[in-house]
$ cat model11.cif   # mmCIF, C-alpha atoms
data_structure
loop_
_atom_site.label_atom_id
_atom_site.label_comp_id
_atom_site.auth_asym_id
_atom_site.auth_seq_id
_atom_site.Cartn_x
_atom_site.Cartn_y
_atom_site.Cartn_z
CA MET V 815 -0.83 -43.82 129.55
CA LYS V 816 2.49 -42.66 130.90
CA LYS V 817 2.32 -41.60 134.54
CA ILE V 818 4.24 -38.36 135.11
CA LEU V 819 4.68 -37.39 138.77
CA ILE V 820 5.77 -33.85 139.69
CA VAL V 821 7.17 -33.39 143.21
CA GLY V 822 6.55 -29.78 144.28
CA GLY V 823 4.12 -27.13 143.07
CA GLY V 824 6.40 -24.11 143.14
CA TYR V 825 7.60 -22.14 140.10
CA ALA V 826 9.27 -24.97 138.21
CA GLY V 827 6.65 -27.59 139.11
CA PHE V 828 3.65 -25.38 138.36
CA TYR V 829 4.97 -24.20 135.01
CA ALA V 830 6.03 -27.72 134.04
CA ALA V 831 2.51 -29.04 134.71
CA TRP V 832 0.83 -26.01 133.12
CA ARG V 833 2.82 -26.37 129.89
CA LEU V 834 2.51 -30.15 129.81
CA GLU V 835 -1.25 -29.73 129.62
CA ARG V 836 -0.72 -27.76 126.41
CA LYS V 837 2.07 -29.87 124.96
CA LEU V 838 0.58 -33.33 125.46
CA ARG V 839 -2.45 -34.73 123.69
CA ARG V 840 -5.40 -35.96 125.72
CA GLY V 841 -4.87 -39.54 126.78
CA GLU V 842 -1.13 -39.35 126.11
CA ALA V 843 -0.04 -39.05 129.75
CA GLU V 844 -1.46 -38.75 133.23
CA VAL V 845 0.15 -35.87 135.14
CA THR V 846 0.09 -35.74 138.95
CA ILE V 847 1.52 -32.93 141.09
CA VAL V 848 2.15 -33.33 144.82
CA ASP V 849 2.51 -30.36 147.17
CA PRO V 850 1.37 -29.68 150.76
CA ARG V 851 -0.02 -26.29 149.70
CA PRO V 852 -2.84 -25.96 147.17
CA TYR V 853 -1.18 -23.02 145.44
CA MET V 854 2.01 -21.73 143.87
CA THR V 855 3.47 -18.74 145.71
CA TYR V 856 4.64 -15.89 143.50
CA GLN V 857 7.49 -15.01 145.84
CA PRO V 858 8.53 -11.66 144.26
CA PHE V 859 5.22 -10.28 145.56
CA LEU V 860 5.82 -11.31 149.19
CA PRO V 861 7.60 -8.02 150.08
CA GLU V 862 4.59 -6.13 148.72
CA VAL V 863 2.27 -8.36 150.74
CA LEU V 864 4.29 -7.23 153.78
CA ALA V 865 3.63 -3.62 152.86
CA GLY V 866 -0.05 -4.14 152.02
CA SER V 867 0.55 -3.20 148.38
CA VAL V 868 -0.61 -6.63 147.15
CA GLU V 869 -3.40 -8.71 148.64
CA ALA V 870 -2.12 -11.98 150.08
CA ARG V 871 -4.33 -14.20 147.90
CA HIS V 872 -3.17 -12.36 144.77
CA ALA V 873 0.41 -13.48 145.45
CA ALA V 874 -0.71 -17.10 145.20
CA VAL V 875 -1.91 -19.08 142.18
CA SER V 876 -4.39 -21.90 142.79
CA LEU V 877 -3.15 -25.24 141.45
CA ARG V 878 -6.62 -26.68 141.00
CA ARG V 879 -7.96 -23.62 139.21
CA HIS V 880 -5.21 -23.44 136.61
CA LEU V 881 -4.12 -27.08 136.29
CA ARG V 882 -7.37 -28.44 134.94
CA ARG V 883 -6.03 -31.71 133.50
CA THR V 884 -3.53 -32.41 136.26
CA HIS V 885 -4.29 -34.54 139.31
CA VAL V 886 -3.42 -32.44 142.39
CA VAL V 887 -2.45 -34.32 145.55
CA ALA V 888 -2.33 -32.29 148.79
CA GLY V 889 0.49 -33.89 150.73
CA THR V 890 4.21 -33.93 151.45
CA VAL V 891 6.55 -36.28 149.63
CA THR V 892 8.64 -37.93 152.34
CA ALA V 893 10.70 -40.34 150.21
CA ILE V 894 11.59 -40.96 146.56
CA ASP V 895 12.48 -44.53 145.61
CA HIS V 896 13.41 -44.18 141.96
CA THR V 897 14.73 -47.72 141.78
CA HIS V 898 11.15 -48.96 142.15
CA HIS V 899 9.50 -45.83 140.66
CA VAL V 900 7.57 -45.09 143.86
CA VAL V 901 7.22 -42.03 146.10
CA THR V 902 5.86 -41.99 149.65
CA VAL V 903 3.38 -39.21 150.42
CA GLN V 904 2.10 -37.98 153.78
CA PRO V 905 -1.36 -36.40 153.28
CA ALA V 906 -2.68 -33.78 155.67
CA ASP V 907 -4.89 -36.47 157.21
CA GLY V 908 -4.50 -40.23 157.36
CA GLY V 909 -1.52 -42.50 156.96
CA MET V 910 1.24 -42.65 154.39
CA VAL V 911 0.37 -43.55 150.81
CA GLU V 912 2.55 -44.67 147.92
CA LEU V 913 2.27 -43.34 144.37
CA ASP V 914 3.89 -45.16 141.46
CA TYR V 915 5.06 -43.42 138.31
CA ASP V 916 6.75 -43.94 134.97
CA MET V 917 8.53 -40.58 134.95
CA ILE V 918 9.38 -38.28 137.86
CA VAL V 919 9.96 -34.52 137.84
CA VAL V 920 11.59 -33.22 141.04
CA THR V 921 10.89 -29.53 141.66
CA ALA V 922 10.51 -29.64 145.45
CA GLY V 923 12.06 -26.23 146.03
CA ALA V 924 14.27 -25.03 148.85
CA VAL V 925 13.35 -24.40 152.48
CA THR V 926 14.44 -21.65 154.86
CA ARG V 927 17.87 -22.48 156.26
CA LYS V 928 17.55 -22.91 159.99
CA SER V 929 20.10 -21.91 162.58
CA PRO V 930 20.83 -23.25 166.08
CA VAL V 931 20.88 -19.70 167.49
CA PRO V 932 19.05 -19.74 170.86
CA GLY V 933 15.58 -18.24 170.67
CA VAL V 934 15.32 -18.09 166.87
CA ALA V 935 13.06 -21.13 166.56
CA ASP V 936 10.68 -19.62 169.13
CA GLN V 937 10.70 -15.98 168.03
CA ALA V 938 11.52 -15.64 164.32
CA ILE V 939 9.24 -15.77 161.27
CA GLY V 940 10.44 -16.83 157.81
CA LEU V 941 9.57 -15.18 154.51
CA LYS V 942 9.00 -17.89 151.91
CA HIS V 943 5.23 -18.29 152.05
CA VAL V 944 2.17 -16.05 151.91
CA GLU V 945 1.12 -16.96 155.44
CA GLU V 946 4.47 -15.77 156.79
CA ALA V 947 4.25 -12.45 154.93
CA VAL V 948 0.74 -11.85 156.28
CA ALA V 949 1.86 -12.73 159.81
CA VAL V 950 4.79 -10.28 159.64
CA ARG V 951 2.54 -7.46 158.42
CA ASP V 952 -0.14 -8.12 161.04
CA ARG V 953 2.51 -8.35 163.77
CA LEU V 954 3.84 -4.91 162.84
CA LEU V 955 0.38 -3.31 162.69
CA THR V 956 -0.60 -4.84 166.02
CA ALA V 957 2.66 -3.63 167.55
CA PHE V 958 1.84 -0.06 166.49
CA ASP V 959 -1.60 -0.30 168.11
CA ARG V 960 -0.12 -1.61 171.34
CA ALA V 961 2.74 0.90 171.38
CA ALA V 962 0.38 3.85 170.86
CA ALA V 963 -1.44 2.93 174.07
CA LEU V 964 1.79 2.86 176.13
CA PRO V 965 3.90 5.65 177.60
CA PRO V 966 7.51 5.89 176.39
CA GLY V 967 9.58 3.11 177.89
CA PRO V 968 11.31 -0.24 177.26
CA LEU V 969 8.14 -2.11 176.23
CA ARG V 970 7.12 0.59 173.75
CA THR V 971 10.65 0.61 172.31
CA LYS V 972 10.59 -3.17 171.91
CA LEU V 973 7.24 -3.05 170.10
CA LEU V 974 8.64 -0.57 167.59
CA THR V 975 11.85 -2.54 166.94
CA VAL V 976 12.09 -4.80 163.88
CA THR V 977 15.01 -7.10 163.06
CA PHE V 978 15.67 -8.80 159.72
CA VAL V 979 18.41 -11.43 159.61
CA GLY V 980 19.84 -12.00 156.12
CA GLY V 981 20.83 -9.46 153.46
CA GLY V 982 19.88 -11.38 150.33
CA PHE V 983 17.10 -10.32 147.99
CA SER V 984 14.29 -11.68 150.15
CA GLY V 985 15.61 -9.98 153.27
CA VAL V 986 16.46 -6.62 151.72
CA GLU V 987 13.21 -6.32 149.76
CA GLY V 988 11.11 -7.33 152.76
CA PHE V 989 13.07 -5.00 155.03
CA GLY V 990 12.70 -2.05 152.65
CA GLU V 991 8.97 -2.57 152.14
CA LEU V 992 8.24 -3.01 155.86
CA LEU V 993 10.27 0.10 156.66
CA SER V 994 8.23 1.99 154.07
CA LEU V 995 4.99 0.78 155.67
CA ALA V 996 6.14 1.64 159.19
CA THR V 997 7.13 5.16 158.14
CA ALA V 998 3.78 5.69 156.45
CA LEU V 999 1.92 4.42 159.54
CA LEU V 1000 3.30 7.27 161.65
CA LYS V 1001 0.80 9.63 159.97
CA ARG V 1002 -2.01 7.61 161.57
CA TYR V 1003 -0.35 7.34 164.98
CA PRO V 1004 0.31 10.87 166.34
CA GLU V 1005 1.33 9.30 169.67
CA LEU V 1006 4.47 7.86 168.03
CA THR V 1007 7.50 9.58 166.53
CA ARG V 1008 9.94 8.65 163.78
CA ASP V 1009 12.83 8.52 166.24
CA GLU V 1010 11.13 5.68 168.11
CA LEU V 1011 11.29 3.30 165.14
CA ARG V 1012 14.20 0.86 165.30
CA PHE V 1013 14.84 -1.16 162.13
CA HIS V 1014 17.88 -3.49 162.08
CA LEU V 1015 19.16 -5.49 159.09
CA VAL V 1016 21.80 -8.04 160.10
CA GLU V 1017 24.07 -9.62 157.46
CA ALA V 1018 26.92 -12.05 158.17
CA THR V 1019 29.04 -10.96 155.18
CA GLY V 1020 30.48 -7.60 154.26
CA ARG V 1021 27.78 -6.71 151.74
CA ILE V 1022 24.09 -7.09 150.99
CA LEU V 1023 22.39 -8.13 147.73
CA PRO V 1024 25.15 -10.45 146.48
CA GLU V 1025 23.50 -10.60 143.03
CA VAL V 1026 24.48 -6.97 142.34
CA THR V 1027 27.99 -5.54 142.21
CA ASP V 1028 29.68 -3.71 145.09
CA ARG V 1029 28.80 -0.14 144.13
CA PRO V 1030 25.00 -0.64 143.82
CA GLY V 1031 25.11 -2.71 147.01
CA ARG V 1032 26.72 0.19 148.88
CA TRP V 1033 24.09 2.54 147.45
CA VAL V 1034 21.33 0.35 148.91
CA VAL V 1035 23.01 0.47 152.34
CA ARG V 1036 23.25 4.27 152.18
CA SER V 1037 19.63 4.53 151.05
CA LEU V 1038 18.35 2.39 153.93
CA THR V 1039 20.53 4.27 156.42
CA LYS V 1040 19.17 7.64 155.27
CA ARG V 1041 15.68 6.33 155.95
CA GLY V 1042 16.60 5.63 159.57
CA ALA V 1043 17.52 1.94 159.37
CA ARG V 1044 20.65 0.34 160.77
CA VAL V 1045 22.52 -2.14 158.57
CA HIS V 1046 24.91 -4.43 160.49
CA LEU V 1047 27.48 -5.95 158.10
CA ASN V 1048 29.92 -8.71 159.07
CA THR V 1049 27.58 -9.41 161.97
CA THR V 1050 25.61 -12.41 163.17
CA VAL V 1051 22.85 -12.95 165.71
CA THR V 1052 24.14 -15.01 168.64
CA SER V 1053 20.92 -15.09 170.67
CA ALA V 1054 17.27 -14.06 170.38
CA VAL V 1055 15.76 -15.53 173.53
CA ASP V 1056 12.42 -13.86 174.39
CA GLY V 1057 13.05 -11.29 171.67
CA HIS V 1058 16.28 -10.05 173.27
CA VAL V 1059 18.65 -9.88 170.29
CA VAL V 1060 22.37 -10.21 170.92
CA LEU V 1061 24.75 -9.50 168.03
CA SER V 1062 28.27 -10.81 167.53
CA THR V 1063 29.50 -7.21 167.86
CA GLY V 1064 28.26 -7.15 171.44
CA GLU V 1065 25.28 -4.90 170.75
CA GLU V 1066 21.98 -5.92 172.41
CA PHE V 1067 18.39 -4.76 172.02
CA ASP V 1068 14.83 -6.04 172.43
CA SER V 1069 12.85 -6.68 169.25
CA GLU V 1070 9.16 -7.54 169.00
CA LEU V 1071 9.47 -8.74 165.39
CA ILE V 1072 12.31 -10.92 164.08
CA VAL V 1073 12.25 -12.05 160.44
CA TRP V 1074 14.70 -14.79 159.41
CA THR V 1075 15.79 -14.69 155.75
CA ALA V 1076 19.35 -15.98 156.13
CA GLY V 1077 19.51 -18.18 153.06
CA ASN V 1078 17.92 -21.37 151.79
CA GLY V 1079 18.60 -25.02 152.47
CA ALA V 1080 17.92 -28.15 150.44
CA ASN V 1081 14.49 -29.70 150.81
CA PRO V 1082 14.74 -32.58 153.35
CA VAL V 1083 13.31 -35.13 150.92
CA ILE V 1084 16.11 -34.32 148.48
CA GLY V 1085 18.92 -34.20 151.01
CA LYS V 1086 17.99 -37.30 153.03
CA HIS V 1087 15.27 -39.44 151.47
CA THR V 1088 16.02 -40.20 147.84
CA ASP V 1089 18.22 -42.56 145.85
CA LEU V 1090 18.71 -40.00 143.08
CA PRO V 1091 22.33 -38.74 142.71
CA LEU V 1092 23.34 -35.66 144.71
CA ASP V 1093 26.30 -33.30 144.49
CA GLU V 1094 28.50 -32.13 147.37
CA ARG V 1095 25.94 -29.46 148.37
CA GLY V 1096 23.07 -31.92 148.56
CA HIS V 1097 21.49 -30.81 145.27
CA LEU V 1098 20.34 -33.15 142.52
CA VAL V 1099 22.90 -33.77 139.78
CA VAL V 1100 21.28 -32.49 136.59
CA ARG V 1101 22.36 -32.42 132.95
CA PRO V 1102 21.99 -29.27 130.82
CA ASP V 1103 18.76 -30.67 129.34
CA LEU V 1104 17.35 -31.00 132.92
CA ARG V 1105 17.54 -34.78 133.02
CA VAL V 1106 18.91 -36.17 136.29
CA GLY V 1107 22.41 -37.64 136.14
CA THR V 1108 25.45 -36.96 133.99
CA ASP V 1109 26.29 -37.60 130.36
CA ALA V 1110 28.30 -40.64 131.46
CA GLU V 1111 25.71 -41.88 133.98
CA PRO V 1112 22.20 -40.73 133.03
CA VAL V 1113 19.24 -41.63 135.24
CA PRO V 1114 16.34 -42.81 133.05
CA ASP V 1115 12.88 -41.30 133.55
CA ALA V 1116 14.04 -38.62 136.03
CA TRP V 1117 14.02 -34.85 135.54
CA ALA V 1118 14.67 -31.96 137.92
CA ALA V 1119 14.77 -28.16 138.05
CA GLY V 1120 14.53 -25.26 140.49
CA ASP V 1121 16.32 -24.51 143.74
CA ASP V 1122 17.26 -28.12 144.57
CA ALA V 1123 18.72 -28.93 141.15
CA ALA V 1124 22.36 -28.27 140.26
CA VAL V 1125 21.61 -27.09 136.72
CA PRO V 1126 24.78 -26.23 134.72
CA ASP V 1127 24.99 -22.57 133.69
CA LEU V 1128 26.01 -22.76 130.04
CA THR V 1129 26.24 -18.95 129.80
CA SER V 1130 29.14 -18.81 132.29
CA ALA V 1131 32.75 -18.97 131.17
CA VAL V 1132 33.70 -20.67 134.46
CA PRO V 1133 33.44 -24.48 134.24
CA GLY V 1134 31.17 -26.09 136.83
CA THR V 1135 29.06 -22.96 137.44
CA ARG V 1136 25.45 -23.65 138.39
CA THR V 1137 22.42 -21.47 137.71
CA VAL V 1138 21.44 -19.17 140.56
CA PRO V 1139 18.45 -20.51 142.53
CA ASN V 1140 15.97 -17.73 141.80
CA ALA V 1141 12.55 -17.24 140.24
CA GLN V 1142 13.97 -16.08 136.92
CA HIS V 1143 15.59 -19.48 136.34
CA ALA V 1144 12.91 -21.66 137.95
CA TYR V 1145 10.21 -20.13 135.75
CA ARG V 1146 12.13 -20.81 132.55
CA GLN V 1147 13.38 -24.21 133.64
CA GLY V 1148 9.79 -25.26 134.35
CA LYS V 1149 8.72 -24.34 130.84
CA LEU V 1150 11.71 -26.15 129.31
CA LEU V 1151 10.93 -29.23 131.40
CA ALA V 1152 7.53 -29.46 129.75
CA ARG V 1153 8.96 -29.00 126.26
CA ASN V 1154 11.70 -31.57 126.82
CA ILE V 1155 9.41 -34.17 128.39
CA ALA V 1156 6.97 -33.78 125.51
CA ALA V 1157 9.85 -34.00 123.03
CA THR V 1158 11.11 -37.30 124.47
CA LEU V 1159 7.59 -38.75 124.44
CA HIS V 1160 7.28 -37.75 120.79
CA GLY V 1161 10.67 -39.16 119.84
CA ARG V 1162 12.52 -35.85 119.57
CA LYS V 1163 15.74 -34.71 121.21
CA PRO V 1164 15.45 -32.45 124.30
CA LYS V 1165 17.08 -29.02 124.32
CA LYS V 1166 19.67 -27.70 126.74
CA TYR V 1167 18.82 -24.97 129.21
CA VAL V 1168 20.50 -21.69 128.26
CA HIS V 1169 19.35 -18.40 129.71
CA HIS V 1170 21.19 -15.09 129.71
CA SER V 1171 20.25 -12.99 132.73
CA LEU V 1172 17.82 -10.15 132.13
CA GLY V 1173 19.39 -8.23 134.99
CA THR V 1174 18.65 -7.85 138.67
CA ILE V 1175 15.83 -5.78 140.09
CA ALA V 1176 14.60 -5.18 143.64
CA THR V 1177 12.02 -3.07 145.41
CA LEU V 1178 13.14 -1.13 148.48
CA GLY V 1179 9.81 0.35 149.49
CA MET V 1180 7.15 2.58 147.96
CA GLY V 1181 8.72 4.53 145.07
CA ARG V 1182 12.20 3.10 145.69
CA GLY V 1183 14.07 0.37 143.85
CA ILE V 1184 17.28 -0.68 142.14
CA PHE V 1185 17.96 -2.34 138.80
CA GLN V 1186 21.26 -3.56 137.36
CA TYR V 1187 22.03 -5.09 134.00
CA LYS V 1188 25.79 -5.57 133.54
CA GLY V 1189 27.19 -2.04 133.92
CA ILE V 1190 23.83 -0.27 133.78
CA VAL V 1191 22.40 0.73 137.17
CA ILE V 1192 19.03 2.46 137.67
CA THR V 1193 17.83 3.52 141.12
CA GLY V 1194 14.86 5.22 142.73
CA LEU V 1195 11.40 5.65 141.21
CA PRO V 1196 12.27 4.44 137.66
CA ALA V 1197 13.64 1.15 139.04
CA TRP V 1198 10.58 0.74 141.27
CA LEU V 1199 8.26 1.22 138.28
CA MET V 1200 10.32 -1.28 136.28
CA HIS V 1201 9.99 -3.77 139.15
CA ARG V 1202 6.21 -3.45 139.21
CA GLY V 1203 5.91 -3.57 135.43
CA TYR V 1204 8.06 -6.68 135.10
CA HIS V 1205 6.34 -8.66 137.83
CA VAL V 1206 2.79 -7.84 136.84
CA LEU V 1207 3.68 -9.23 133.40
CA ALA V 1208 5.43 -12.27 134.90
CA VAL V 1209 2.76 -13.36 137.40
CA PRO V 1210 0.84 -16.23 135.75
CA SER V 1211 -2.69 -15.81 134.38
CA TRP V 1212 -4.53 -12.67 133.27
CA GLU V 1213 -6.86 -13.05 136.24
CA ARG V 1214 -3.97 -12.48 138.68
CA LYS V 1215 -2.54 -9.60 136.61
CA VAL V 1216 -5.88 -7.75 136.66
CA ARG V 1217 -6.39 -8.31 140.38
CA VAL V 1218 -2.91 -7.01 141.25
CA LEU V 1219 -3.31 -3.96 139.00
CA ALA V 1220 -6.68 -3.20 140.62
CA VAL V 1221 -5.14 -3.27 144.11
CA TRP V 1222 -2.29 -1.00 143.02
CA LEU V 1223 -4.75 1.48 141.49
CA THR V 1224 -6.92 1.45 144.63
CA ALA V 1225 -3.86 2.04 146.83
CA ALA V 1226 -2.76 4.94 144.61
CA LEU V 1227 -6.16 6.59 145.05
CA PHE V 1228 -6.93 5.85 148.71
CA GLY V 1229 -3.63 4.79 150.29
CA ARG V 1230 -2.69 1.47 151.87
CA ASP V 1231 -5.02 -0.60 153.96
CA ILE V 1232 -3.60 -0.58 157.52
CA LEU V 1233 -6.03 -3.03 159.07
CA SER V 1234 -4.47 -5.82 161.11
CA LEU V 1235 -6.15 -9.24 161.21
CA ALA V 1236 -3.68 -10.78 163.64
CA GLU V 1237 -6.55 -12.19 165.70
CA VAL V 1238 -7.29 -14.60 162.86
CA GLN V 1239 -4.46 -16.66 164.35
CA HIS V 1240 -6.72 -17.17 167.40
CA PRO V 1241 -10.18 -17.48 165.83
CA ARG V 1242 -11.84 -19.16 168.84
CA GLU V 1243 -10.69 -16.69 171.48
CA ALA V 1244 -13.74 -14.41 171.32
CA PHE V 1245 -16.06 -17.42 171.36
CA VAL V 1246 -14.30 -19.08 174.31
CA THR V 1247 -13.94 -15.95 176.46
CA GLY V 1248 -17.47 -14.72 175.74
CA GLY V 1249 -16.27 -11.13 175.57
CA GLU V 1250 -14.44 -11.19 178.91
CA PRO V 1251 -11.22 -9.13 178.76
CA VAL V 1252 -8.02 -11.16 178.50
CA VAL V 1253 -4.99 -9.87 180.40
CA ARG V 1254 -1.88 -10.55 178.31
CA GLN V 1255 0.78 -8.35 179.84
CA GLY V 1256 -0.02 -8.70 183.53
CA LYS V 1257 -1.82 -6.38 185.93
CA THR V 1258 -2.84 -2.96 184.64
CA GLU V 1259 -0.99 -0.29 186.64
CA ARG V 1260 -1.57 2.84 184.59
CA THR V 1261 -4.11 4.85 182.64
CA LEU V 1262 -4.01 5.39 178.91
CA PRO V 1263 -2.22 8.56 177.72
CA LYS V 1264 -4.42 11.42 176.54
#
$ encode --input "model11.cif" --output "structure tokens"
Amino acid sequence: MKKILIVGGGYAGFYAAWRLERKLRRGEAEVTIVDPRPYMTYQPFLPEVLAGSVEARHAAVSLRRHLRRTHVVAGTVTAIDHTHHVVTVQPADGGMVELDYDMIVVTAGAVTRKSPVPGVADQAIGLKHVEEAVAVRDRLLTAFDRAAALPPGPLRTKLLTVTFVGGGFSGVEGFGELLSLATALLKRYPELTRDELRFHLVEATGRILPEVTDRPGRWVVRSLTKRGARVHLNTTVTSAVDGHVVLSTGEEFDSELIVWTAGNGANPVIGKHTDLPLDERGHLVVRPDLRVGTDAEPVPDAWAAGDDAAVPDLTSAVPGTRTVPNAQHAYRQGKLLARNIAATLHGRKPKKYVHHSLGTIATLGMGRGIFQYKGIVITGLPAWLMHRGYHVLAVPSWERKVRVLAVWLTAALFGRDILSLAEVQHPREAFVTGGEPVVRQGKTERTLPK
């Protein structure tokens, strides 16, 4: 049997494996997928996980549950040696192992772009994985509990200050949803007022949401501002040591929660540890049919798609344009990968990837959203409903669709769940301390407010 190895279990990798199981006959090929996480994250639901509108587990799709004929390896690919058709894998436990293959599919996905800004590595949380979204939500809920027990002052102000760095889709959607949650929480915390909330969105360029045109982008800024947020354009974070945020404009403030969404970077295994051809940005050179290489210099038995692949955009009139690294493309590229791989195994010619955008849609919080398709722009509740409708149809498997719909219906009837499970990050603390109180902020010098 042919050995097909898929590097990465994100959108493109999951859908490639899922469709290969349907396209290939039993015994025709052995498919293996390697990923450090045992699930595919449905990233468009992460902002709603922040807001408690979607359960964390419902934003993830189990690889082992849905890929029933695919061998799932829990580990990180650290090197790709295509010359010898071998990849090196670091499992969660034990030493390095090598896996050989006949055909490789690289869908490793991008990683959060890091910055050398002082304090960011110690204070900030990313927003690419379910665990990060849960941590952000729990951090906010815990901050409200702590702030409600304090008198007005610098510490209380810091606890109620949230900073998002990066004005792309991930940052703006997460910011809008978390702002919606924080505003709703005030009903349950009579000790706190709306004026005490401090929400900052910092963007290095002169606009947010680069996928939409200028006018809708300005509307989003006005909408967030009306809700009490501050949007800092043409601004960068120069320091975040101990949560003290310093902006390039000279403004300074303390922030308990810092979320870093300032763009994506190439996966390290693609940028540094492979002999496959790369372009000037460190992305894999890919042909329109998703095979690695060029028409003049094809690379046999190598395919790629997703965020780390420079897939030509055949719908653009500008030569050299690449497809935008987003879920809309990764999902469709994954499905085409399966069809093209099956076609080559069956002696047929693979097809080129051509996809005309269905438009751009984003959630900005409960009942708020924006949609743009060419010159058509829809905002507010209709766009928010369109966002929910589209993504509940797009999330893979009927099981996940039903679970998400059930949570939405429950929230509509009873409101959001505002329980924080932040202590799950320290599961042994209660056992170790035996119930003894733990002083975290120093000596107690006050009584609780009435």
$ closest_atom_pairs --input "model11.cif" --of "segment 1151-1196 of chain V" --to "segment 977-990 of chain V" --cutoff "6 Å" --atoms "all atoms listed in the file" --output "Markdown table"
| residue | atom | partner | partner_atom | distance |
| --- | --- | --- | --- | --- |
| V:Thr1177 | CA | V:Glu987 | CA | 5.6 |
| V:Leu1178 | CA | V:Gly990 | CA | 4.3 |
| V:Gly1179 | CA | V:Gly990 | CA | 4.9 |
$ atom_distance --input "model11.cif" --atom1 "atom CA of Val976 of chain V" --atom2 "atom CA of Leu1047 of chain V"
16.5 Å
$ closest_residue --input "model11.cif" --among "V:Asp1103, V:Glu945, V:Glu912, V:Glu1005" --to "Leu1151 of chain V" --atoms "only C-alpha atoms"
V:Asp1103
$ residues_around --input "model11.cif" --residues "His898 of chain V" --least-positions-apart "6" --cutoff "10 Å" --atoms "only C-alpha atoms" --output "PyMOL selection string"
chain V and resi 914-916
$ closest_atom_pairs --input "model11.cif" --of "segment 984-1084 of chain V" --to "segment 1210-1234 of chain V" --cutoff "12 Å" --atoms "all atoms listed in the file" --output "JSON lines"
{"residue": "V:Ser994", "atom": "CA", "partner": "V:Arg1230", "partner_atom": "CA", "distance": 11.2}
{"residue": "V:Leu995", "atom": "CA", "partner": "V:Arg1230", "partner_atom": "CA", "distance": 8.6}
{"residue": "V:Ala996", "atom": "CA", "partner": "V:Ile1232", "partner_atom": "CA", "distance": 10.1}
{"residue": "V:Ala998", "atom": "CA", "partner": "V:Arg1230", "partner_atom": "CA", "distance": 9.0}
{"residue": "V:Leu999", "atom": "CA", "partner": "V:Ile1232", "partner_atom": "CA", "distance": 7.7}
{"residue": "V:Leu1000", "atom": "CA", "partner": "V:Ile1232", "partner_atom": "CA", "distance": 11.2}
{"residue": "V:Lys1001", "atom": "CA", "partner": "V:Ile1232", "partner_atom": "CA", "distance": 11.4}
{"residue": "V:Arg1002", "atom": "CA", "partner": "V:Ile1232", "partner_atom": "CA", "distance": 9.3}
{"residue": "V:Tyr1003", "atom": "CA", "partner": "V:Ile1232", "partner_atom": "CA", "distance": 11.4}
$ atom_distance --input "model11.cif" --atom1 "atom CA of Val891 of chain V" --atom2 "atom CA of Ala873 of chain V"
24.0 Å
$ closest_atom_pairs --input "model11.cif" --of "segment 875-940 of chain V" --to "segment 847-864 of chain V" --cutoff "8 Å" --atoms "all atoms listed in the file" --output "JSON lines"
{"residue": "V:Val875", "atom": "CA", "partner": "V:Met854", "partner_atom": "CA", "distance": 5.0}
{"residue": "V:Ser876", "atom": "CA", "partner": "V:Tyr853", "partner_atom": "CA", "distance": 4.3}
{"residue": "V:Leu877", "atom": "CA", "partner": "V:Tyr853", "partner_atom": "CA", "distance": 5.0}
{"residue": "V:Arg878", "atom": "CA", "partner": "V:Pro852", "partner_atom": "CA", "distance": 7.3}
{"residue": "V:Thr884", "atom": "CA", "partner": "V:Ile847", "partner_atom": "CA", "distance": 7.0}
{"residue": "V:His885", "atom": "CA", "partner": "V:Ile847", "partner_atom": "CA", "distance": 6.3}
{"residue": "V:Val886", "atom": "CA", "partner": "V:Ile847", "partner_atom": "CA", "distance": 5.1}
{"residue": "V:Val887", "atom": "CA", "partner": "V:Val848", "partner_atom": "CA", "distance": 4.8}
{"residue": "V:Ala888", "atom": "CA", "partner": "V:Pro850", "partner_atom": "CA", "distance": 4.9}
{"residue": "V:Gly889", "atom": "CA", "partner": "V:Pro850", "partner_atom": "CA", "distance": 4.3}
{"residue": "V:Thr890", "atom": "CA", "partner": "V:Pro850", "partner_atom": "CA", "distance": 5.2}
{"residue": "V:Val891", "atom": "CA", "partner": "V:Val848", "partner_atom": "CA", "distance": 7.2}
{"residue": "V:Pro905", "atom": "CA", "partner": "V:Pro850", "partner_atom": "CA", "distance": 7.7}
{"residue": "V:Ala906", "atom": "CA", "partner": "V:Pro850", "partner_atom": "CA", "distance": 7.6}
$ residues_around --input "model11.cif" --residues "segment 1050-1058 of chain V" --least-positions-apart "4" --cutoff "7 Å" --atoms "all atoms listed in the file" --output "list in words"
Val931, Pro932, Gly933, Val934, Gln937, Val1016, Glu1017, Ala1018, Ser1062, Phe1067, Asp1068, Ser1069 and Glu1070 of chain V
$ atom_distance --input "model11.cif" --atom1 "atom CA of Ala1144 of chain V" --atom2 "atom CA of Ala949 of chain V"
26.1 Å
$ resolve_selection --input "model11.cif" --expression "the PyMOL selection byres ((chain V and resi 1157-1165) around 10)" --output "count of residues only"
19
$ closest_residue --input "model11.cif" --among "V:Ala1118, V:Val1034, V:Leu1061, V:Arg1136" --to "Arg1095 of chain V" --atoms "all atoms listed in the file"
V:Arg1136
$ closest_residue --input "model11.cif" --among "V:Ala938, V:Ala1076, V:Val1026, V:Ala924" --to "Gln1186 of chain V" --atoms "all atoms listed in the file"
V:Val1026
$ resolve_selection --input "model11.cif" --expression "the PyMOL selection byres ((chain V and resi 961-964) around 7)" --output "number ranges by chain"
V: 957-960, 965-966, 970, 973, 1003, 1005-1006, 1262-1263
$ closest_residue --input "model11.cif" --among "V:Leu1195, V:Leu1015, V:Val925, V:Leu1098" --to "Gly940 of chain V" --atoms "all atoms listed in the file"
V:Val925
